[in-house]
>>> print(open('data21.tsv').read())   # TSV, N, CA, C and O atoms and all ligand atoms
chain	number	residue	atom	x	y	z
S	2	MET	N	-2.83	11.36	-16.32
S	2	MET	CA	-3.05	11.79	-14.93
S	2	MET	C	-4.52	12.16	-14.72
S	2	MET	O	-5.09	12.87	-15.53
S	3	PRO	N	-5.09	11.67	-13.64
S	3	PRO	CA	-6.47	12.07	-13.33
S	3	PRO	C	-6.50	13.54	-12.93
S	3	PRO	O	-5.47	14.11	-12.55
S	4	PRO	N	-7.68	14.17	-13.00
S	4	PRO	CA	-7.78	15.57	-12.57
S	4	PRO	C	-7.31	15.76	-11.15
S	4	PRO	O	-7.29	14.81	-10.35
S	5	LYS	N	-6.99	16.99	-10.84
S	5	LYS	CA	-6.32	17.31	-9.59
S	5	LYS	C	-7.02	16.81	-8.32
S	5	LYS	O	-6.37	16.33	-7.41
S	6	ASN	N	-8.33	16.93	-8.28
S	6	ASN	CA	-9.03	16.56	-7.05
S	6	ASN	C	-9.42	15.09	-7.00
S	6	ASN	O	-10.23	14.69	-6.18
S	7	TYR	N	-8.86	14.31	-7.91
S	7	TYR	CA	-9.18	12.90	-7.90
S	7	TYR	C	-8.13	12.12	-7.11
S	7	TYR	O	-6.96	12.48	-7.08
S	8	ARG	N	-8.61	11.06	-6.47
S	8	ARG	CA	-7.74	10.26	-5.64
S	8	ARG	C	-7.92	8.79	-5.99
S	8	ARG	O	-8.85	8.40	-6.66
S	9	ARG	N	-7.04	7.95	-5.45
S	9	ARG	CA	-7.04	6.53	-5.77
S	9	ARG	C	-7.14	5.73	-4.48
S	9	ARG	O	-6.40	6.00	-3.52
S	10	CYS	N	-8.04	4.75	-4.49
S	10	CYS	CA	-8.17	3.88	-3.31
S	10	CYS	C	-6.93	3.00	-3.19
S	10	CYS	O	-6.50	2.40	-4.18
S	11	VAL	N	-6.37	2.90	-1.99
S	11	VAL	CA	-5.15	2.10	-1.81
S	11	VAL	C	-5.41	0.60	-2.02
S	11	VAL	O	-4.48	-0.15	-2.25
S	12	SER	N	-6.67	0.19	-1.92
S	12	SER	CA	-6.99	-1.24	-2.01
S	12	SER	C	-7.41	-1.68	-3.40
S	12	SER	O	-6.79	-2.55	-4.00
S	13	CYS	N	-8.48	-1.08	-3.93
S	13	CYS	CA	-9.02	-1.56	-5.21
S	13	CYS	C	-8.52	-0.74	-6.39
S	13	CYS	O	-8.71	-1.14	-7.54
S	14	GLY	N	-7.88	0.40	-6.14
S	14	GLY	CA	-7.33	1.19	-7.23
S	14	GLY	C	-8.34	2.09	-7.92
S	14	GLY	O	-8.01	2.76	-8.89
S	15	LEU	N	-9.58	2.11	-7.42
S	15	LEU	CA	-10.59	2.98	-8.00
S	15	LEU	C	-10.15	4.44	-7.92
S	15	LEU	O	-9.66	4.89	-6.89
S	16	ILE	N	-10.31	5.15	-9.03
S	16	ILE	CA	-9.99	6.57	-9.05
S	16	ILE	C	-11.30	7.36	-9.08
S	16	ILE	O	-12.16	7.11	-9.92
S	17	SER	N	-11.45	8.25	-8.14
S	17	SER	CA	-12.68	9.04	-8.06
S	17	SER	C	-12.40	10.33	-7.32
S	17	SER	O	-11.28	10.58	-6.88
S	18	SER	N	-13.45	11.14	-7.18
S	18	SER	CA	-13.30	12.38	-6.42
S	18	SER	C	-12.90	12.06	-5.00
S	18	SER	O	-13.35	11.06	-4.42
S	19	LYS	N	-12.09	12.91	-4.41
S	19	LYS	CA	-11.63	12.64	-3.04
S	19	LYS	C	-12.80	12.58	-2.05
S	19	LYS	O	-12.69	11.98	-1.00
S	20	HIS	N	-13.94	13.18	-2.45
S	20	HIS	CA	-15.10	13.16	-1.55
S	20	HIS	C	-15.75	11.78	-1.48
S	20	HIS	O	-16.57	11.53	-0.60
S	21	ASP	N	-15.39	10.91	-2.40
S	21	ASP	CA	-15.96	9.56	-2.38
S	21	ASP	C	-15.17	8.61	-1.47
S	21	ASP	O	-15.56	7.47	-1.28
S	22	PHE	N	-14.06	9.08	-0.95
S	22	PHE	CA	-13.19	8.20	-0.16
S	22	PHE	C	-13.12	8.64	1.30
S	22	PHE	O	-13.43	9.78	1.64
S	23	ILE	N	-12.67	7.72	2.12
S	23	ILE	CA	-12.28	8.08	3.49
S	23	ILE	C	-10.81	8.47	3.42
S	23	ILE	O	-9.99	7.76	2.83
S	24	ARG	N	-10.48	9.58	4.03
S	24	ARG	CA	-9.09	10.06	4.01
S	24	ARG	C	-8.43	9.68	5.34
S	24	ARG	O	-8.97	9.95	6.40
S	25	VAL	N	-7.30	9.04	5.23
S	25	VAL	CA	-6.53	8.68	6.42
S	25	VAL	C	-5.26	9.53	6.41
S	25	VAL	O	-4.54	9.55	5.42
S	26	VAL	N	-5.01	10.20	7.49
S	26	VAL	CA	-3.93	11.18	7.53
S	26	VAL	C	-2.89	10.81	8.59
S	26	VAL	O	-3.23	10.52	9.73
S	27	ARG	N	-1.65	10.82	8.16
S	27	ARG	CA	-0.56	10.77	9.14
S	27	ARG	C	-0.15	12.21	9.36
S	27	ARG	O	0.46	12.84	8.50
S	28	ASN	N	-0.51	12.72	10.51
S	28	ASN	CA	-0.31	14.15	10.77
S	28	ASN	C	1.16	14.51	10.91
S	28	ASN	O	1.98	13.71	11.36
S	29	PHE	N	1.42	15.74	10.50
S	29	PHE	CA	2.75	16.29	10.65
S	29	PHE	C	2.71	17.39	11.71
S	29	PHE	O	1.81	18.23	11.67
S	30	PRO	N	3.63	17.44	12.64
S	30	PRO	CA	4.76	16.51	12.82
S	30	PRO	C	4.50	15.40	13.83
S	30	PRO	O	5.40	14.64	14.14
S	31	SER	N	3.27	15.28	14.34
S	31	SER	CA	3.01	14.37	15.46
S	31	SER	C	3.02	12.89	15.06
S	31	SER	O	3.21	12.01	15.89
S	32	HIS	N	2.78	12.61	13.75
S	32	HIS	CA	2.65	11.25	13.23
S	32	HIS	C	1.41	10.54	13.76
S	32	HIS	O	1.27	9.33	13.61
S	33	HIS	N	0.51	11.28	14.38
S	33	HIS	CA	-0.76	10.72	14.80
S	33	HIS	C	-1.60	10.39	13.57
S	33	HIS	O	-1.63	11.16	12.62
S	34	ILE	N	-2.31	9.26	13.61
S	34	ILE	CA	-3.19	8.92	12.49
S	34	ILE	C	-4.60	9.41	12.80
S	34	ILE	O	-5.14	9.10	13.86
S	35	THR	N	-5.17	10.17	11.88
S	35	THR	CA	-6.54	10.65	12.05
S	35	THR	C	-7.33	10.35	10.78
S	35	THR	O	-6.75	10.09	9.72
S	36	ILE	N	-8.65	10.41	10.90
S	36	ILE	CA	-9.53	10.08	9.78
S	36	ILE	C	-10.33	11.31	9.38
S	36	ILE	O	-10.99	11.93	10.21
S	37	ASN	N	-10.22	11.64	8.09
S	37	ASN	CA	-10.96	12.77	7.51
S	37	ASN	C	-10.63	14.12	8.12
S	37	ASN	O	-11.38	15.08	7.96
S	38	GLN	N	-9.57	14.21	8.84
S	38	GLN	CA	-9.15	15.51	9.36
S	38	GLN	C	-7.65	15.50	9.60
S	38	GLN	O	-7.03	14.43	9.66
S	39	GLY	N	-7.11	16.68	9.74
S	39	GLY	CA	-5.68	16.79	9.98
S	39	GLY	C	-4.91	17.13	8.72
S	39	GLY	O	-5.46	17.16	7.62
S	40	MET	N	-3.63	17.40	8.91
S	40	MET	CA	-2.77	17.76	7.80
S	40	MET	C	-1.52	16.92	7.82
S	40	MET	O	-0.95	16.68	8.87
S	41	GLY	N	-1.13	16.49	6.64
S	41	GLY	CA	0.08	15.69	6.56
S	41	GLY	C	-0.03	14.74	5.38
S	41	GLY	O	-0.74	15.01	4.41
S	42	ARG	N	0.62	13.62	5.48
S	42	ARG	CA	0.59	12.64	4.39
S	42	ARG	C	-0.76	11.91	4.41
S	42	ARG	O	-1.18	11.42	5.46
S	43	SER	N	-1.41	11.80	3.27
S	43	SER	CA	-2.76	11.23	3.23
S	43	SER	C	-2.83	9.98	2.36
S	43	SER	O	-2.10	9.85	1.38
S	44	ALA	N	-3.74	9.09	2.74
S	44	ALA	CA	-4.07	7.93	1.92
S	44	ALA	C	-5.59	7.86	1.84
S	44	ALA	O	-6.29	8.33	2.73
S	45	TYR	N	-6.09	7.27	0.76
S	45	TYR	CA	-7.53	7.23	0.53
S	45	TYR	C	-7.99	5.80	0.35
S	45	TYR	O	-7.31	4.99	-0.28
S	46	VAL	N	-9.17	5.52	0.95
S	46	VAL	CA	-9.73	4.19	0.82
S	46	VAL	C	-11.24	4.33	0.66
S	46	VAL	O	-11.86	5.25	1.22
S	47	CYS	N	-11.85	3.43	-0.13
S	47	CYS	CA	-13.31	3.48	-0.31
S	47	CYS	C	-13.99	3.19	1.02
S	47	CYS	O	-13.48	2.41	1.82
S	48	PRO	N	-15.17	3.78	1.25
S	48	PRO	CA	-15.93	3.44	2.45
S	48	PRO	C	-16.64	2.10	2.29
S	48	PRO	O	-17.85	2.00	2.38
S	49	ARG	N	-15.86	1.08	2.01
S	49	ARG	CA	-16.40	-0.27	1.80
S	49	ARG	C	-15.60	-1.23	2.67
S	49	ARG	O	-14.35	-1.17	2.70
S	50	LEU	N	-16.31	-2.14	3.31
S	50	LEU	CA	-15.67	-3.10	4.19
S	50	LEU	C	-14.57	-3.88	3.46
S	50	LEU	O	-13.49	-4.11	4.00
S	51	GLU	N	-14.84	-4.23	2.22
S	51	GLU	CA	-13.89	-5.00	1.42
S	51	GLU	C	-12.55	-4.24	1.27
S	51	GLU	O	-11.47	-4.83	1.47
S	52	CYS	N	-12.62	-2.98	0.93
S	52	CYS	CA	-11.40	-2.21	0.72
S	52	CYS	C	-10.65	-1.98	2.03
S	52	CYS	O	-9.42	-2.01	2.06
S	53	ILE	N	-11.39	-1.79	3.10
S	53	ILE	CA	-10.73	-1.57	4.39
S	53	ILE	C	-10.06	-2.86	4.87
S	53	ILE	O	-8.96	-2.84	5.40
S	54	THR	N	-10.71	-3.99	4.61
S	54	THR	CA	-10.12	-5.28	4.99
S	54	THR	C	-8.83	-5.53	4.21
S	54	THR	O	-7.82	-5.97	4.77
S	55	ILE	N	-8.86	-5.24	2.92
S	55	ILE	CA	-7.65	-5.42	2.09
S	55	ILE	C	-6.55	-4.48	2.57
S	55	ILE	O	-5.38	-4.88	2.70
S	56	ALA	N	-6.92	-3.25	2.85
S	56	ALA	CA	-5.94	-2.26	3.32
S	56	ALA	C	-5.26	-2.75	4.60
S	56	ALA	O	-4.06	-2.55	4.79
S	57	GLN	N	-6.03	-3.40	5.45
S	57	GLN	CA	-5.49	-3.90	6.71
S	57	GLN	C	-4.62	-5.14	6.50
S	57	GLN	O	-3.49	-5.21	6.95
S	58	LYS	N	-5.14	-6.10	5.74
S	58	LYS	CA	-4.42	-7.36	5.54
S	58	LYS	C	-3.13	-7.17	4.77
S	58	LYS	O	-2.11	-7.80	5.05
S	59	LYS	N	-3.17	-6.29	3.76
S	59	LYS	CA	-1.98	-6.10	2.93
S	59	LYS	C	-1.16	-4.89	3.35
S	59	LYS	O	-0.23	-4.51	2.65
S	60	LYS	N	-1.57	-4.31	4.47
S	60	LYS	CA	-0.82	-3.17	5.04
S	60	LYS	C	-0.65	-2.02	4.04
S	60	LYS	O	0.36	-1.34	4.01
S	61	ARG	N	-1.71	-1.82	3.24
S	61	ARG	CA	-1.62	-0.80	2.20
S	61	ARG	C	-1.54	0.62	2.78
S	61	ARG	O	-0.81	1.46	2.27
S	62	LEU	N	-2.33	0.86	3.81
S	62	LEU	CA	-2.33	2.21	4.38
S	62	LEU	C	-0.99	2.51	5.05
S	62	LEU	O	-0.42	3.57	4.89
S	63	GLY	N	-0.50	1.53	5.80
S	63	GLY	CA	0.77	1.71	6.48
S	63	GLY	C	1.91	1.97	5.51
S	63	GLY	O	2.79	2.79	5.76
S	64	ARG	N	1.84	1.29	4.36
S	64	ARG	CA	2.90	1.47	3.36
S	64	ARG	C	2.81	2.86	2.73
S	64	ARG	O	3.81	3.55	2.57
S	65	THR	N	1.58	3.25	2.38
S	65	THR	CA	1.40	4.56	1.75
S	65	THR	C	1.79	5.68	2.71
S	65	THR	O	2.42	6.67	2.32
S	66	LEU	N	1.42	5.51	3.98
S	66	LEU	CA	1.68	6.57	4.95
S	66	LEU	C	3.05	6.42	5.61
S	66	LEU	O	3.45	7.25	6.41
S	67	ARG	N	3.74	5.35	5.28
S	67	ARG	CA	5.07	5.08	5.83
S	67	ARG	C	5.06	5.09	7.35
S	67	ARG	O	5.86	5.76	8.01
S	68	THR	N	4.11	4.35	7.91
S	68	THR	CA	4.01	4.26	9.36
S	68	THR	C	3.35	2.94	9.73
S	68	THR	O	2.90	2.20	8.86
S	69	THR	N	3.30	2.63	11.01
S	69	THR	CA	2.58	1.46	11.49
S	69	THR	C	1.19	1.92	11.91
S	69	THR	O	1.05	2.83	12.71
S	70	MET	N	0.18	1.29	11.35
S	70	MET	CA	-1.18	1.70	11.63
S	70	MET	C	-1.67	1.15	12.96
S	70	MET	O	-1.58	-0.05	13.20
S	71	PRO	N	-2.21	2.00	13.83
S	71	PRO	CA	-2.82	1.49	15.07
S	71	PRO	C	-4.05	0.66	14.70
S	71	PRO	O	-4.86	1.11	13.88
S	72	PRO	N	-4.22	-0.53	15.29
S	72	PRO	CA	-5.34	-1.40	14.90
S	72	PRO	C	-6.71	-0.73	15.08
S	72	PRO	O	-7.63	-1.01	14.31
S	73	GLU	N	-6.83	0.15	16.06
S	73	GLU	CA	-8.15	0.76	16.30
S	73	GLU	C	-8.59	1.67	15.15
S	73	GLU	O	-9.77	1.94	14.99
S	74	ILE	N	-7.61	2.12	14.36
S	74	ILE	CA	-7.98	2.93	13.20
S	74	ILE	C	-8.85	2.13	12.23
S	74	ILE	O	-9.81	2.64	11.65
S	75	TYR	N	-8.53	0.84	12.09
S	75	TYR	CA	-9.33	0.02	11.18
S	75	TYR	C	-10.75	-0.17	11.71
S	75	TYR	O	-11.70	-0.23	10.93
S	76	ASP	N	-10.90	-0.27	13.01
S	76	ASP	CA	-12.25	-0.35	13.59
S	76	ASP	C	-13.02	0.93	13.29
S	76	ASP	O	-14.20	0.89	12.96
S	77	GLN	N	-12.32	2.05	13.42
S	77	GLN	CA	-12.99	3.33	13.13
S	77	GLN	C	-13.36	3.44	11.65
S	77	GLN	O	-14.42	3.95	11.30
S	78	LEU	N	-12.47	2.95	10.78
S	78	LEU	CA	-12.77	2.99	9.35
S	78	LEU	C	-13.98	2.11	9.03
S	78	LEU	O	-14.88	2.51	8.29
S	79	LYS	N	-14.01	0.92	9.63
S	79	LYS	CA	-15.12	-0.01	9.36
S	79	LYS	C	-16.45	0.56	9.86
S	79	LYS	O	-17.49	0.32	9.24
S	80	SER	N	-16.39	1.32	10.93
S	80	SER	CA	-17.63	1.90	11.45
S	80	SER	C	-18.15	3.00	10.54
S	80	SER	O	-19.27	3.47	10.70
S	81	ARG	N	-17.35	3.43	9.56
S	81	ARG	CA	-17.78	4.46	8.63
S	81	ARG	C	-18.32	3.90	7.32
S	81	ARG	O	-18.67	4.66	6.42
S	82	CYS	N	-18.33	2.60	7.19
S	82	CYS	CA	-18.83	1.99	5.95
S	82	CYS	C	-20.35	2.15	5.84
S	82	CYS	O	-21.04	2.07	6.83
Q	1	ZN	ZN	-11.53	0.70	-2.90
>>> encode(input="data21.tsv", output="structure tokens", more="lines below")
Ligand SMILES: [Zn+2]
Amino acid sequence: MPPKNYRRCVSCGLISSKHDFIRVVRNFPSHHITINQGMGRSAYVCPRLECITIAQKKKRLGRTLRTTMPPEIYDQLKSRC
């Protein structure tokens, strides 16, 4: 097991400090998707266009968060690369 504050990118599988990733949150109880803020179920992705594209094409974030991702979230993620 990696140390407690380490996270894994949903796309490339890189394990690193959570500060190296963009955090995508499905908020509780609203189920609103937010980036780098909010509380609820979280998924992590590298701030790299490649990882965000894979996350979108393979629906990795939606699967991890057990929800349907709004397409504009991916635009917001890409703008953070
Ligand atoms: Zn990655």
>>> atom_distance(input="data21.tsv", atom1="atom N of S:Asp76", atom2="atom O of S:Ala44")
14.2 Å
>>> closest_residue(input="data21.tsv", among="S:Gln57, S:Thr68, S:Asn6, S:Gln77", to="S:Asp21", atoms="all atoms listed in the file")
S:Asn6
>>> select_by_dssp(input="data21.tsv", residues="chain S", states="helix (DSSP H, G or I)", output="list in words")
Lys19, His20, Asp21, Leu50, Glu51, Cys52, Ile53, Thr54, Ile55, Ala56, Gln57, Lys58, Arg61, Leu62, Gly63, Arg64, Thr65, Leu66, Pro72, Glu73, Ile74, Tyr75, Asp76, Gln77, Leu78 and Lys79 of chain S
>>> closest_atom_pairs(input="data21.tsv", of="chain S", to="ligand ZN 1 (chain Q)", cutoff="7 Å", atoms="only C-alpha atoms and all ligand atoms", output="tab-separated table")
residue	atom	partner	partner_atom	distance
S:Cys10	CA	Q:ZN1	ZN	4.6
S:Val11	CA	Q:ZN1	ZN	6.6
S:Ser12	CA	Q:ZN1	ZN	5.0
S:Cys13	CA	Q:ZN1	ZN	4.1
S:Gly14	CA	Q:ZN1	ZN	6.1
S:Leu15	CA	Q:ZN1	ZN	5.7
S:Val46	CA	Q:ZN1	ZN	5.4
S:Cys47	CA	Q:ZN1	ZN	4.2
S:Arg49	CA	Q:ZN1	ZN	6.8
S:Cys52	CA	Q:ZN1	ZN	4.6
>>> closest_residue(input="data21.tsv", among="S:Leu78, S:Lys5, S:Ile16, S:Pro48", to="S:Ile36", atoms="only N, CA, C and O atoms")
S:Leu78
>>> atom_distance(input="data21.tsv", atom1="atom CA of S:Leu50", atom2="atom C of S:Asn28")
25.3 Å
>>> select_by_dssp(input="data21.tsv", residues="chain S", states="strand (DSSP E)", output="list in words")
Tyr7, Arg8, Arg9, Ile16, Ser17, Ser18, Ile23, Arg24, Val25, Val26, Arg27, Asn28, Ile34, Thr35, Ile36, Gly41, Arg42, Ser43, Ala44, Tyr45 and Val46 of chain S
>>> residues_around(input="data21.tsv", residues="S:Tyr7", least_positions_apart="6", cutoff="6 Å", atoms="only C-alpha atoms", output="number ranges by chain")
S: 17-19
>>> write_last_selection(input="data21.tsv", atoms="N, CA, C and O atoms", output="PDB file, in the frame of the given file")
ATOM      1  N   SER S  17     -11.450   8.250  -8.140  1.00  0.00           N
ATOM      2  CA  SER S  17     -12.680   9.040  -8.060  1.00  0.00           C
ATOM      3  C   SER S  17     -12.400  10.330  -7.320  1.00  0.00           C
ATOM      4  O   SER S  17     -11.280  10.580  -6.880  1.00  0.00           O
ATOM      5  N   SER S  18     -13.450  11.140  -7.180  1.00  0.00           N
ATOM      6  CA  SER S  18     -13.300  12.380  -6.420  1.00  0.00           C
ATOM      7  C   SER S  18     -12.900  12.060  -5.000  1.00  0.00           C
ATOM      8  O   SER S  18     -13.350  11.060  -4.420  1.00  0.00           O
ATOM      9  N   LYS S  19     -12.090  12.910  -4.410  1.00  0.00           N
ATOM     10  CA  LYS S  19     -11.630  12.640  -3.040  1.00  0.00           C
ATOM     11  C   LYS S  19     -12.800  12.580  -2.050  1.00  0.00           C
ATOM     12  O   LYS S  19     -12.690  11.980  -1.000  1.00  0.00           O
TER      13      LYS S  19
END
>>> atom_distance(input="data21.tsv", atom1="atom C of S:Ser31", atom2="atom C of S:Arg81")
24.4 Å
>>> closest_residue(input="data21.tsv", among="S:Lys58, S:Arg8, S:Arg67, S:His20", to="S:His32", atoms="only C-alpha atoms")
S:Arg67
>>> closest_residue(input="data21.tsv", among="S:Thr54, S:Asn37, S:Phe22, S:Arg9", to="S:Tyr75", atoms="all atoms listed in the file")
S:Thr54
>>> residues_near_point(input="data21.tsv", point="(-2.0, 5.5, 9.6)", cutoff="8 Å", atoms="only C-alpha atoms", output="list in words")
Val25, Val26, Arg27, His33, Ile34, Thr35, Leu62, Gly63, Leu66, Thr68, Thr69, Met70, Pro71 and Ile74 of chain S
>>> write_last_selection(input="data21.tsv", atoms="N, CA, C and O atoms", output="PDB file, keeping the file's coordinate frame")
ATOM      1  N   VAL S  25      -7.300   9.040   5.230  1.00  0.00           N
ATOM      2  CA  VAL S  25      -6.530   8.680   6.420  1.00  0.00           C
ATOM      3  C   VAL S  25      -5.260   9.530   6.410  1.00  0.00           C
ATOM      4  O   VAL S  25      -4.540   9.550   5.420  1.00  0.00           O
ATOM      5  N   VAL S  26      -5.010  10.200   7.490  1.00  0.00           N
ATOM      6  CA  VAL S  26      -3.930  11.180   7.530  1.00  0.00           C
ATOM      7  C   VAL S  26      -2.890  10.810   8.590  1.00  0.00           C
ATOM      8  O   VAL S  26      -3.230  10.520   9.730  1.00  0.00           O
ATOM      9  N   ARG S  27      -1.650  10.820   8.160  1.00  0.00           N
ATOM     10  CA  ARG S  27      -0.560  10.770   9.140  1.00  0.00           C
ATOM     11  C   ARG S  27      -0.150  12.210   9.360  1.00  0.00           C
ATOM     12  O   ARG S  27       0.460  12.840   8.500  1.00  0.00           O
ATOM     13  N   HIS S  33       0.510  11.280  14.380  1.00  0.00           N
ATOM     14  CA  HIS S  33      -0.760  10.720  14.800  1.00  0.00           C
ATOM     15  C   HIS S  33      -1.600  10.390  13.570  1.00  0.00           C
ATOM     16  O   HIS S  33      -1.630  11.160  12.620  1.00  0.00           O
ATOM     17  N   ILE S  34      -2.310   9.260  13.610  1.00  0.00           N
ATOM     18  CA  ILE S  34      -3.190   8.920  12.490  1.00  0.00           C
ATOM     19  C   ILE S  34      -4.600   9.410  12.800  1.00  0.00           C
ATOM     20  O   ILE S  34      -5.140   9.100  13.860  1.00  0.00           O
ATOM     21  N   THR S  35      -5.170  10.170  11.880  1.00  0.00           N
ATOM     22  CA  THR S  35      -6.540  10.650  12.050  1.00  0.00           C
ATOM     23  C   THR S  35      -7.330  10.350  10.780  1.00  0.00           C
ATOM     24  O   THR S  35      -6.750  10.090   9.720  1.00  0.00           O
ATOM     25  N   LEU S  62      -2.330   0.860   3.810  1.00  0.00           N
ATOM     26  CA  LEU S  62      -2.330   2.210   4.380  1.00  0.00           C
ATOM     27  C   LEU S  62      -0.990   2.510   5.050  1.00  0.00           C
ATOM     28  O   LEU S  62      -0.420   3.570   4.890  1.00  0.00           O
ATOM     29  N   GLY S  63      -0.500   1.530   5.800  1.00  0.00           N
ATOM     30  CA  GLY S  63       0.770   1.710   6.480  1.00  0.00           C
ATOM     31  C   GLY S  63       1.910   1.970   5.510  1.00  0.00           C
ATOM     32  O   GLY S  63       2.790   2.790   5.760  1.00  0.00           O
ATOM     33  N   LEU S  66       1.420   5.510   3.980  1.00  0.00           N
ATOM     34  CA  LEU S  66       1.680   6.570   4.950  1.00  0.00           C
ATOM     35  C   LEU S  66       3.050   6.420   5.610  1.00  0.00           C
ATOM     36  O   LEU S  66       3.450   7.250   6.410  1.00  0.00           O
ATOM     37  N   THR S  68       4.110   4.350   7.910  1.00  0.00           N
ATOM     38  CA  THR S  68       4.010   4.260   9.360  1.00  0.00           C
ATOM     39  C   THR S  68       3.350   2.940   9.730  1.00  0.00           C
ATOM     40  O   THR S  68       2.900   2.200   8.860  1.00  0.00           O
ATOM     41  N   THR S  69       3.300   2.630  11.010  1.00  0.00           N
ATOM     42  CA  THR S  69       2.580   1.460  11.490  1.00  0.00           C
ATOM     43  C   THR S  69       1.190   1.920  11.910  1.00  0.00           C
ATOM     44  O   THR S  69       1.050   2.830  12.710  1.00  0.00           O
ATOM     45  N   MET S  70       0.180   1.290  11.350  1.00  0.00           N
ATOM     46  CA  MET S  70      -1.180   1.700  11.630  1.00  0.00           C
ATOM     47  C   MET S  70      -1.670   1.150  12.960  1.00  0.00           C
ATOM     48  O   MET S  70      -1.580  -0.050  13.200  1.00  0.00           O
ATOM     49  N   PRO S  71      -2.210   2.000  13.830  1.00  0.00           N
ATOM     50  CA  PRO S  71      -2.820   1.490  15.070  1.00  0.00           C
ATOM     51  C   PRO S  71      -4.050   0.660  14.700  1.00  0.00           C
ATOM     52  O   PRO S  71      -4.860   1.110  13.880  1.00  0.00           O
ATOM     53  N   ILE S  74      -7.610   2.120  14.360  1.00  0.00           N
ATOM     54  CA  ILE S  74      -7.980   2.930  13.200  1.00  0.00           C
ATOM     55  C   ILE S  74      -8.850   2.130  12.230  1.00  0.00           C
ATOM     56  O   ILE S  74      -9.810   2.640  11.650  1.00  0.00           O
TER      57      ILE S  74
END
>>> axis_aligned_box(input="data21.tsv", around="stretch 60-68 of chain S", padding_each_side="6 Å", output="JSON")
{"center_x": 1.8, "center_y": 1.5, "center_z": 5.7, "size_x": 20.2, "size_y": 23.6, "size_z": 20.0}
